[in-house]
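Structure file protein13.cif (mmCIF, C-alpha atoms) follows.
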```
data_query
#
loop_
_atom_site.group_PDB
_atom_site.id
_atom_site.type_symbol
_atom_site.label_atom_id
_atom_site.label_comp_id
_atom_site.auth_asym_id
_atom_site.auth_seq_id
_atom_site.Cartn_x
_atom_site.Cartn_y
_atom_site.Cartn_z
ATOM 1 C CA MET W 1 148.286 107.532 137.688
ATOM 2 C CA SER W 2 148.652 106.124 134.207
ATOM 3 C CA SER W 3 151.977 107.664 133.157
ATOM 4 C CA ALA W 4 155.258 108.699 134.709
ATOM 5 C CA PRO W 5 155.298 112.174 136.273
ATOM 6 C CA SER W 6 157.930 114.597 135.080
ATOM 7 C CA PRO W 7 161.168 115.031 137.055
ATOM 8 C CA ASP W 8 159.984 118.520 138.011
ATOM 9 C CA GLN W 9 156.723 117.130 139.378
ATOM 10 C CA LEU W 10 158.561 114.506 141.420
ATOM 11 C CA ALA W 11 160.946 117.131 142.766
ATOM 12 C CA GLN W 12 158.017 119.355 143.755
ATOM 13 C CA TRP W 13 156.230 116.535 145.580
ATOM 14 C CA ASN W 14 159.393 115.610 147.437
ATOM 15 C CA ARG W 15 159.940 119.209 148.523
ATOM 16 C CA GLU W 16 156.349 119.576 149.670
ATOM 17 C CA LEU W 17 156.244 116.282 151.565
ATOM 18 C CA ARG W 18 159.716 116.420 153.134
ATOM 19 C CA ASP W 19 158.507 117.771 156.484
ATOM 20 C CA HIS W 20 155.119 116.058 156.614
ATOM 21 C CA SER W 21 154.375 113.208 158.982
ATOM 22 C CA PRO W 22 154.421 109.648 157.611
ATOM 23 C CA LEU W 23 150.660 109.423 158.148
ATOM 24 C CA ASP W 24 150.128 112.592 156.115
ATOM 25 C CA ILE W 25 152.310 111.121 153.357
ATOM 26 C CA VAL W 26 150.298 107.883 153.352
ATOM 27 C CA ARG W 27 147.067 109.860 153.095
ATOM 28 C CA TRP W 28 148.538 111.932 150.258
ATOM 29 C CA ALA W 29 149.567 108.759 148.437
ATOM 30 C CA SER W 30 146.124 107.238 148.908
ATOM 31 C CA ALA W 31 144.552 110.346 147.390
ATOM 32 C CA GLN W 32 146.838 110.111 144.341
ATOM 33 C CA ALA W 33 145.883 106.465 143.853
ATOM 34 C CA ALA W 34 142.135 107.012 143.498
ATOM 35 C CA GLY W 35 141.449 103.658 145.137
ATOM 36 C CA ARG W 36 144.309 101.777 143.482
ATOM 37 C CA ALA W 37 147.082 101.770 146.079
ATOM 38 C CA VAL W 38 148.885 98.789 147.567
ATOM 39 C CA VAL W 39 151.411 98.404 150.363
ATOM 40 C CA SER W 40 154.086 95.746 150.061
ATOM 41 C CA THR W 41 155.695 93.953 152.974
ATOM 42 C CA ASN W 42 157.987 91.072 153.794
ATOM 43 C CA PHE W 43 157.297 91.451 157.531
ATOM 44 C CA ARG W 44 160.909 92.407 158.216
ATOM 45 C CA PRO W 45 161.963 94.506 161.243
ATOM 46 C CA TYR W 46 159.904 97.684 161.739
ATOM 47 C CA GLU W 47 157.498 97.067 158.855
ATOM 48 C CA ALA W 48 154.666 96.926 161.385
ATOM 49 C CA VAL W 49 155.002 100.726 161.428
ATOM 50 C CA LEU W 50 154.176 101.107 157.737
ATOM 51 C CA LEU W 51 151.379 98.551 157.924
ATOM 52 C CA HIS W 52 149.822 100.371 160.874
ATOM 53 C CA LEU W 53 150.055 103.710 159.052
ATOM 54 C CA ALA W 54 148.566 102.213 155.894
ATOM 55 C CA THR W 55 145.571 100.774 157.725
ATOM 56 C CA GLN W 56 144.975 104.098 159.470
ATOM 57 C CA ALA W 57 144.547 105.716 156.076
ATOM 58 C CA GLN W 58 142.687 102.833 154.421
ATOM 59 C CA PRO W 59 141.735 99.814 156.579
ATOM 60 C CA ASP W 60 141.209 97.484 153.616
ATOM 61 C CA LEU W 61 144.323 98.534 151.689
ATOM 62 C CA PRO W 62 145.694 95.492 149.792
ATOM 63 C CA VAL W 63 148.913 94.175 151.349
ATOM 64 C CA LEU W 64 151.149 92.461 148.795
ATOM 65 C CA TRP W 65 153.326 89.781 150.390
ATOM 66 C CA VAL W 66 155.647 87.448 148.505
ATOM 67 C CA ASP W 67 155.928 84.362 150.680
ATOM 68 C CA HIS W 68 158.967 82.747 149.094
ATOM 69 C CA GLY W 69 158.902 79.852 151.557
ATOM 70 C CA TYR W 70 162.247 80.599 153.213
ATOM 71 C CA ASN W 71 161.023 82.740 156.098
ATOM 72 C CA ARG W 72 162.045 81.713 159.568
ATOM 73 C CA PRO W 73 159.315 80.473 161.942
ATOM 74 C CA ALA W 74 159.441 83.746 163.901
ATOM 75 C CA THR W 75 158.639 85.727 160.756
ATOM 76 C CA TYR W 76 155.610 83.591 159.952
ATOM 77 C CA ARG W 77 154.345 83.953 163.532
ATOM 78 C CA HIS W 78 154.931 87.706 163.344
ATOM 79 C CA ALA W 79 153.017 87.917 160.054
ATOM 80 C CA GLU W 80 150.022 86.108 161.517
ATOM 81 C CA ALA W 81 150.061 88.238 164.685
ATOM 82 C CA LEU W 82 150.088 91.455 162.643
ATOM 83 C CA ARG W 83 147.450 90.154 160.283
ATOM 84 C CA ALA W 84 145.125 89.591 163.251
ATOM 85 C CA GLN W 85 146.002 92.778 165.152
ATOM 86 C CA LEU W 86 145.669 95.148 162.188
ATOM 87 C CA GLN W 87 143.011 93.178 160.244
ATOM 88 C CA LEU W 88 145.361 93.202 157.273
ATOM 89 C CA ASN W 89 143.981 92.572 153.801
ATOM 90 C CA VAL W 90 146.892 90.304 152.843
ATOM 91 C CA HIS W 91 147.330 89.074 149.279
ATOM 92 C CA ALA W 92 150.048 86.418 149.394
ATOM 93 C CA PHE W 93 151.846 85.460 146.200
ATOM 94 C CA LEU W 94 153.995 82.352 146.114
ATOM 95 C CA PRO W 95 156.705 81.277 143.673
ATOM 96 C CA ARG W 96 155.800 78.661 141.093
ATOM 97 C CA LEU W 97 158.337 76.377 142.809
ATOM 98 C CA THR W 98 158.137 75.514 146.485
ATOM 99 C CA ALA W 99 161.269 76.048 148.554
ATOM 100 C CA ALA W 100 161.705 72.274 148.923
ATOM 101 C CA HIS W 101 161.356 71.718 145.161
ATOM 102 C CA ARG W 102 163.815 74.486 144.351
ATOM 103 C CA ASP W 103 166.412 73.238 146.851
ATOM 104 C CA ALA W 104 166.105 69.661 145.616
ATOM 105 C CA ILE W 105 166.822 70.701 142.023
ATOM 106 C CA HIS W 106 169.240 73.611 142.490
ATOM 107 C CA GLY W 107 170.763 73.048 145.911
ATOM 108 C CA PRO W 108 171.040 75.417 148.880
ATOM 109 C CA VAL W 109 170.290 79.133 148.657
ATOM 110 C CA PRO W 110 173.325 80.882 147.100
ATOM 111 C CA GLY W 111 175.633 82.903 149.301
ATOM 112 C CA PRO W 112 176.746 86.527 148.821
ATOM 113 C CA ASP W 113 179.809 85.446 146.821
ATOM 114 C CA ASP W 114 177.712 84.109 143.909
ATOM 115 C CA GLU W 115 175.943 87.121 142.421
ATOM 116 C CA VAL W 116 174.744 85.335 139.274
ATOM 117 C CA ALA W 117 173.077 82.543 141.247
ATOM 118 C CA LEU W 118 171.594 85.031 143.726
ATOM 119 C CA LYS W 119 169.987 87.035 140.934
ATOM 120 C CA GLU W 120 168.474 83.857 139.516
ATOM 121 C CA PHE W 121 167.200 82.915 142.969
ATOM 122 C CA SER W 122 165.684 86.392 143.326
ATOM 123 C CA ARG W 123 164.038 86.138 139.910
ATOM 124 C CA VAL W 124 162.369 82.806 140.543
ATOM 125 C CA MET W 125 161.505 83.039 144.228
ATOM 126 C CA LYS W 126 160.794 86.753 144.692
ATOM 127 C CA LEU W 127 160.641 88.920 141.571
ATOM 128 C CA GLU W 128 158.353 86.738 139.470
ATOM 129 C CA PRO W 129 155.680 86.300 142.184
ATOM 130 C CA PHE W 130 155.927 90.009 143.013
ATOM 131 C CA GLN W 131 155.415 90.909 139.367
ATOM 132 C CA ARG W 132 152.413 88.577 139.271
ATOM 133 C CA GLY W 133 151.007 90.305 142.341
ATOM 134 C CA MET W 134 151.462 93.757 140.869
ATOM 135 C CA ARG W 135 149.759 92.700 137.646
ATOM 136 C CA GLU W 136 146.815 91.203 139.514
ATOM 137 C CA LEU W 137 146.353 94.089 141.958
ATOM 138 C CA ALA W 138 147.206 96.701 139.279
ATOM 139 C CA PRO W 139 148.127 99.576 141.606
ATOM 140 C CA THR W 140 148.856 103.094 140.485
ATOM 141 C CA VAL W 141 150.574 103.861 143.815
ATOM 142 C CA TRP W 142 152.880 101.504 145.687
ATOM 143 C CA LEU W 143 153.637 102.165 149.362
ATOM 144 C CA THR W 144 156.982 100.785 150.530
ATOM 145 C CA ALA W 145 159.047 100.724 153.723
ATOM 146 C CA LEU W 146 162.229 101.925 152.003
ATOM 147 C CA ARG W 147 164.427 104.098 154.218
ATOM 148 C CA ARG W 148 167.421 106.251 153.371
ATOM 149 C CA GLU W 149 169.691 104.691 155.998
ATOM 150 C CA GLN W 150 169.196 101.093 154.813
ATOM 151 C CA SER W 151 171.842 101.133 152.070
ATOM 152 C CA GLU W 152 173.845 103.383 149.759
ATOM 153 C CA THR W 153 171.486 102.522 146.904
ATOM 154 C CA ARG W 154 168.430 103.607 148.870
ATOM 155 C CA ALA W 155 170.121 106.762 150.121
ATOM 156 C CA GLY W 156 169.962 107.994 146.525
ATOM 157 C CA LEU W 157 166.177 107.645 146.344
ATOM 158 C CA ASP W 158 163.495 109.883 147.867
ATOM 159 C CA LEU W 159 160.022 109.885 149.410
ATOM 160 C CA VAL W 160 158.316 109.788 146.028
ATOM 161 C CA ALA W 161 159.725 108.183 142.895
ATOM 162 C CA TRP W 162 158.519 106.690 139.659
ATOM 163 C CA ASP W 163 159.205 102.960 139.593
ATOM 164 C CA ALA W 164 159.976 101.945 136.025
ATOM 165 C CA ASN W 165 160.110 98.238 136.901
ATOM 166 C CA PHE W 166 156.408 98.159 137.782
ATOM 167 C CA SER W 167 155.138 101.430 136.235
ATOM 168 C CA THR W 168 153.815 102.814 139.502
ATOM 169 C CA LEU W 169 154.333 105.823 141.700
ATOM 170 C CA LYS W 170 156.426 104.526 144.605
ATOM 171 C CA VAL W 171 155.935 106.297 147.918
ATOM 172 C CA SER W 172 158.094 105.598 150.981
ATOM 173 C CA PRO W 173 156.546 107.458 153.946
ATOM 174 C CA LEU W 174 159.286 106.390 156.398
ATOM 175 C CA PHE W 175 162.168 107.324 154.116
ATOM 176 C CA TYR W 176 163.755 109.812 156.520
ATOM 177 C CA TRP W 177 163.016 107.980 159.780
ATOM 178 C CA ASP W 178 165.708 106.192 161.772
ATOM 179 C CA ASP W 179 165.498 103.122 163.991
ATOM 180 C CA ALA W 180 164.910 105.173 167.138
ATOM 181 C CA GLN W 181 161.834 106.834 165.647
ATOM 182 C CA LEU W 182 160.498 103.470 164.509
ATOM 183 C CA GLU W 183 161.087 101.944 167.947
ATOM 184 C CA ALA W 184 159.178 104.814 169.547
ATOM 185 C CA TYR W 185 156.270 104.338 167.145
ATOM 186 C CA LEU W 186 156.096 100.607 167.893
ATOM 187 C CA ARG W 187 155.974 101.323 171.645
ATOM 188 C CA GLU W 188 153.374 104.071 171.268
ATOM 189 C CA HIS W 189 151.018 101.851 169.293
ATOM 190 C CA ASN W 190 151.776 98.555 171.041
ATOM 191 C CA LEU W 191 153.005 96.911 167.863
ATOM 192 C CA PRO W 192 155.228 93.814 167.676
ATOM 193 C CA ASN W 193 158.575 93.737 165.920
ATOM 194 C CA GLU W 194 160.416 90.935 164.133
ATOM 195 C CA LEU W 195 164.186 90.841 164.601
ATOM 196 C CA ASP W 196 164.859 87.270 163.456
ATOM 197 C CA TYR W 197 164.073 88.113 159.833
ATOM 198 C CA PHE W 198 166.383 87.011 157.028
ATOM 199 C CA ASP W 199 165.896 87.584 153.302
ATOM 200 C CA PRO W 200 167.654 84.842 151.310
ATOM 201 C CA ALA W 201 167.315 86.875 148.109
ATOM 202 C CA LYS W 202 169.641 89.504 149.577
ATOM 203 C CA ALA W 203 172.162 87.265 151.373
ATOM 204 C CA ASP W 204 173.386 90.304 153.311
ATOM 205 C CA ALA W 205 171.826 93.495 154.639
ATOM 206 C CA LYS W 206 173.277 95.858 152.011
ATOM 207 C CA ARG W 207 172.444 93.901 148.861
ATOM 208 C CA GLU W 208 169.321 94.632 146.805
ATOM 209 C CA CYS W 209 167.000 91.742 145.916
ATOM 210 C CA GLY W 210 165.958 93.423 142.657
ATOM 211 C CA LEU W 211 162.572 94.905 143.526
ATOM 212 C CA HIS W 212 164.049 98.392 143.836
ATOM 213 C CA ALA W 213 166.988 98.000 141.451
ATOM 214 C CA THR W 214 167.303 98.455 137.707
ATOM 215 C CA TRP W 215 168.599 94.924 137.195
ATOM 216 C CA GLY W 216 165.351 93.512 138.598
ATOM 217 C CA GLY W 217 163.349 95.127 135.837
ATOM 218 C CA GLN W 218 165.816 93.955 133.221
ATOM 219 C CA VAL W 219 165.514 90.348 134.385
ATOM 220 C CA LEU W 220 161.722 90.495 134.467
ATOM 221 C CA SER W 221 161.509 91.990 130.968
ATOM 222 C CA ASP W 222 163.714 89.270 129.466
ATOM 223 C CA PRO W 223 161.288 86.745 127.881
ATOM 224 C CA VAL W 224 163.787 83.909 128.264
ATOM 225 C CA ALA W 225 164.824 84.649 131.848
ATOM 226 C CA SER W 226 161.230 85.292 132.916
ATOM 227 C CA THR W 227 160.037 81.808 131.982
ATOM 228 C CA PRO W 228 159.633 79.887 135.270
#
```
What is this file in structure tokens?
Amino acid sequence: MSSAPSPDQLAQWNRELRDHSPLDIVRWASAQAAGRAVVSTNFRPYEAVLLHLATQAQPDLPVLWVDHGYNRPATYRHAEALRAQLQLNVHAFLPRLTAAHRDAIHGPVPGPDDEVALKEFSRVMKLEPFQRGMRELAPTVWLTALRREQSETRAGLDLVAWDANFSTLKVSPLFYWDDAQLEAYLREHNLPNELDYFDPAKADAKRECGLHATWGGQVLSDPVASTP
């Protein structure tokens, strides 16, 4: 898909897909992509569900992972276990600074009370490598694990949306699922979960890191701010 669909087209797709299964939605998204879909992950809790669904529809689907270097050991072990179990086609993108280099120059990861510093951390350690990954993989459809119940911001989204930050059709097959449904899926398919996950770019569970927020696109489009 080379251009943004109209609001009416998005509304129609969301009506039509509302009651379809997540696997049906993934297959629909794959068909729209004409071979140019990606699925993103940070290997957070329950994302094994989306990765399993994605590989059911397309076993070699590119998996875009920004490894910012601040994951806990359990998350790295979980990522490797899922990579082996699902034969994931992982494309890892790293920041231009290592975590150790960044901490030595700028100090510890900012806390939730310093929004300016958190946005800069997000830009350098997460948004810039993600943008690089999207440019290299050049998807027309982006599968995400966004869910309505995750935050107030995400509650205002839908299954299918146009993402202006990365000029792709963003599809979230699990948007209307809750934790109980995800738990049941993990049990049914013998998939591991990762509950020790922490995203330093968010600092708390309700904050957006910028990938799915307008400010993320603004930061990435600023030629001064975007210089590593």
Target residues per the PyMOL selection byres ((chain W and resi 64-78) around 9), formatted as a PDB file with C-alpha atoms, in the coordinates of the input:
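The result, stored in expr.pdb:
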```pdb
ATOM      1  CA  VAL W  38     148.885  98.789 147.567  1.00  0.00           C
ATOM      2  CA  VAL W  39     151.411  98.404 150.363  1.00  0.00           C
ATOM      3  CA  SER W  40     154.086  95.746 150.061  1.00  0.00           C
ATOM      4  CA  THR W  41     155.695  93.953 152.974  1.00  0.00           C
ATOM      5  CA  ASN W  42     157.987  91.072 153.794  1.00  0.00           C
ATOM      6  CA  PHE W  43     157.297  91.451 157.531  1.00  0.00           C
ATOM      7  CA  ARG W  44     160.909  92.407 158.216  1.00  0.00           C
ATOM      8  CA  PRO W  62     145.694  95.492 149.792  1.00  0.00           C
ATOM      9  CA  VAL W  63     148.913  94.175 151.349  1.00  0.00           C
ATOM     10  CA  ALA W  79     153.017  87.917 160.054  1.00  0.00           C
ATOM     11  CA  GLU W  80     150.022  86.108 161.517  1.00  0.00           C
ATOM     12  CA  ALA W  81     150.061  88.238 164.685  1.00  0.00           C
ATOM     13  CA  LEU W  82     150.088  91.455 162.643  1.00  0.00           C
ATOM     14  CA  ARG W  83     147.450  90.154 160.283  1.00  0.00           C
ATOM     15  CA  ASN W  89     143.981  92.572 153.801  1.00  0.00           C
ATOM     16  CA  VAL W  90     146.892  90.304 152.843  1.00  0.00           C
ATOM     17  CA  HIS W  91     147.330  89.074 149.279  1.00  0.00           C
ATOM     18  CA  ALA W  92     150.048  86.418 149.394  1.00  0.00           C
ATOM     19  CA  PHE W  93     151.846  85.460 146.200  1.00  0.00           C
ATOM     20  CA  LEU W  94     153.995  82.352 146.114  1.00  0.00           C
ATOM     21  CA  PRO W  95     156.705  81.277 143.673  1.00  0.00           C
ATOM     22  CA  LEU W  97     158.337  76.377 142.809  1.00  0.00           C
ATOM     23  CA  THR W  98     158.137  75.514 146.485  1.00  0.00           C
ATOM     24  CA  ALA W  99     161.269  76.048 148.554  1.00  0.00           C
ATOM     25  CA  ALA W 100     161.705  72.274 148.923  1.00  0.00           C
ATOM     26  CA  MET W 125     161.505  83.039 144.228  1.00  0.00           C
ATOM     27  CA  LYS W 126     160.794  86.753 144.692  1.00  0.00           C
ATOM     28  CA  LEU W 127     160.641  88.920 141.571  1.00  0.00           C
ATOM     29  CA  PRO W 129     155.680  86.300 142.184  1.00  0.00           C
ATOM     30  CA  PHE W 130     155.927  90.009 143.013  1.00  0.00           C
ATOM     31  CA  GLY W 133     151.007  90.305 142.341  1.00  0.00           C
ATOM     32  CA  MET W 134     151.462  93.757 140.869  1.00  0.00           C
ATOM     33  CA  LEU W 137     146.353  94.089 141.958  1.00  0.00           C
ATOM     34  CA  PRO W 192     155.228  93.814 167.676  1.00  0.00           C
ATOM     35  CA  ASN W 193     158.575  93.737 165.920  1.00  0.00           C
ATOM     36  CA  GLU W 194     160.416  90.935 164.133  1.00  0.00           C
ATOM     37  CA  LEU W 195     164.186  90.841 164.601  1.00  0.00           C
ATOM     38  CA  ASP W 196     164.859  87.270 163.456  1.00  0.00           C
ATOM     39  CA  TYR W 197     164.073  88.113 159.833  1.00  0.00           C
ATOM     40  CA  PHE W 198     166.383  87.011 157.028  1.00  0.00           C
ATOM     41  CA  ASP W 199     165.896  87.584 153.302  1.00  0.00           C
ATOM     42  CA  PRO W 200     167.654  84.842 151.310  1.00  0.00           C
TER      43      PRO W 200
END
```
Dump as a tab-separated table the rows for residues of range 78-150 of chain W within 12 Å of range 156-178 of chain W: closest atom pair and distance in Å with one decimal, all atoms listed in the file counted, ordered by chain and rising residue number.
```
residue	atom	partner	partner_atom	distance
W:Leu127	CA	W:Asn165	CA	10.4
W:Glu128	CA	W:Phe166	CA	11.7
W:Phe130	CA	W:Phe166	CA	9.7
W:Gln131	CA	W:Phe166	CA	7.5
W:Arg132	CA	W:Phe166	CA	10.5
W:Gly133	CA	W:Phe166	CA	10.6
W:Met134	CA	W:Phe166	CA	7.3
W:Arg135	CA	W:Phe166	CA	8.6
W:Glu136	CA	W:Phe166	CA	12.0
W:Leu137	CA	W:Phe166	CA	11.6
W:Ala138	CA	W:Thr168	CA	9.0
W:Pro139	CA	W:Thr168	CA	6.9
W:Thr140	CA	W:Thr168	CA	5.1
W:Val141	CA	W:Leu169	CA	4.7
W:Trp142	CA	W:Lys170	CA	4.8
W:Leu143	CA	W:Val171	CA	4.9
W:Thr144	CA	W:Ser172	CA	5.0
W:Ala145	CA	W:Ser172	CA	5.7
W:Leu146	CA	W:Ser172	CA	5.6
W:Arg147	CA	W:Phe175	CA	3.9
W:Arg148	CA	W:Phe175	CA	5.4
W:Glu149	CA	W:Asp178	CA	7.2
W:Gln150	CA	W:Asp178	CA	9.3
```
Go ahead and save the picked residues with C-alpha atoms, as a PDB file, in the frame of the given file.
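out.pdb written:
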```
ATOM      1  CA  LEU W 127     160.641  88.920 141.571  1.00  0.00           C
ATOM      2  CA  GLU W 128     158.353  86.738 139.470  1.00  0.00           C
ATOM      3  CA  PHE W 130     155.927  90.009 143.013  1.00  0.00           C
ATOM      4  CA  GLN W 131     155.415  90.909 139.367  1.00  0.00           C
ATOM      5  CA  ARG W 132     152.413  88.577 139.271  1.00  0.00           C
ATOM      6  CA  GLY W 133     151.007  90.305 142.341  1.00  0.00           C
ATOM      7  CA  MET W 134     151.462  93.757 140.869  1.00  0.00           C
ATOM      8  CA  ARG W 135     149.759  92.700 137.646  1.00  0.00           C
ATOM      9  CA  GLU W 136     146.815  91.203 139.514  1.00  0.00           C
ATOM     10  CA  LEU W 137     146.353  94.089 141.958  1.00  0.00           C
ATOM     11  CA  ALA W 138     147.206  96.701 139.279  1.00  0.00           C
ATOM     12  CA  PRO W 139     148.127  99.576 141.606  1.00  0.00           C
ATOM     13  CA  THR W 140     148.856 103.094 140.485  1.00  0.00           C
ATOM     14  CA  VAL W 141     150.574 103.861 143.815  1.00  0.00           C
ATOM     15  CA  TRP W 142     152.880 101.504 145.687  1.00  0.00           C
ATOM     16  CA  LEU W 143     153.637 102.165 149.362  1.00  0.00           C
ATOM     17  CA  THR W 144     156.982 100.785 150.530  1.00  0.00           C
ATOM     18  CA  ALA W 145     159.047 100.724 153.723  1.00  0.00           C
ATOM     19  CA  LEU W 146     162.229 101.925 152.003  1.00  0.00           C
ATOM     20  CA  ARG W 147     164.427 104.098 154.218  1.00  0.00           C
ATOM     21  CA  ARG W 148     167.421 106.251 153.371  1.00  0.00           C
ATOM     22  CA  GLU W 149     169.691 104.691 155.998  1.00  0.00           C
ATOM     23  CA  GLN W 150     169.196 101.093 154.813  1.00  0.00           C
TER      24      GLN W 150
END
```
Between W:Thr55, W:Ala37, W:His101, W:Val49, single out the one closest to Arg187 in chain W, counting only C-alpha atoms.
->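 Among the listed residues, W:Val49 lies closest to Arg187 in chain W.
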Could you state the separation of CA of Tyr185 in chain W and CA of Gln85 in chain W in Å, given to one decimal place?
-> 15.6 Å
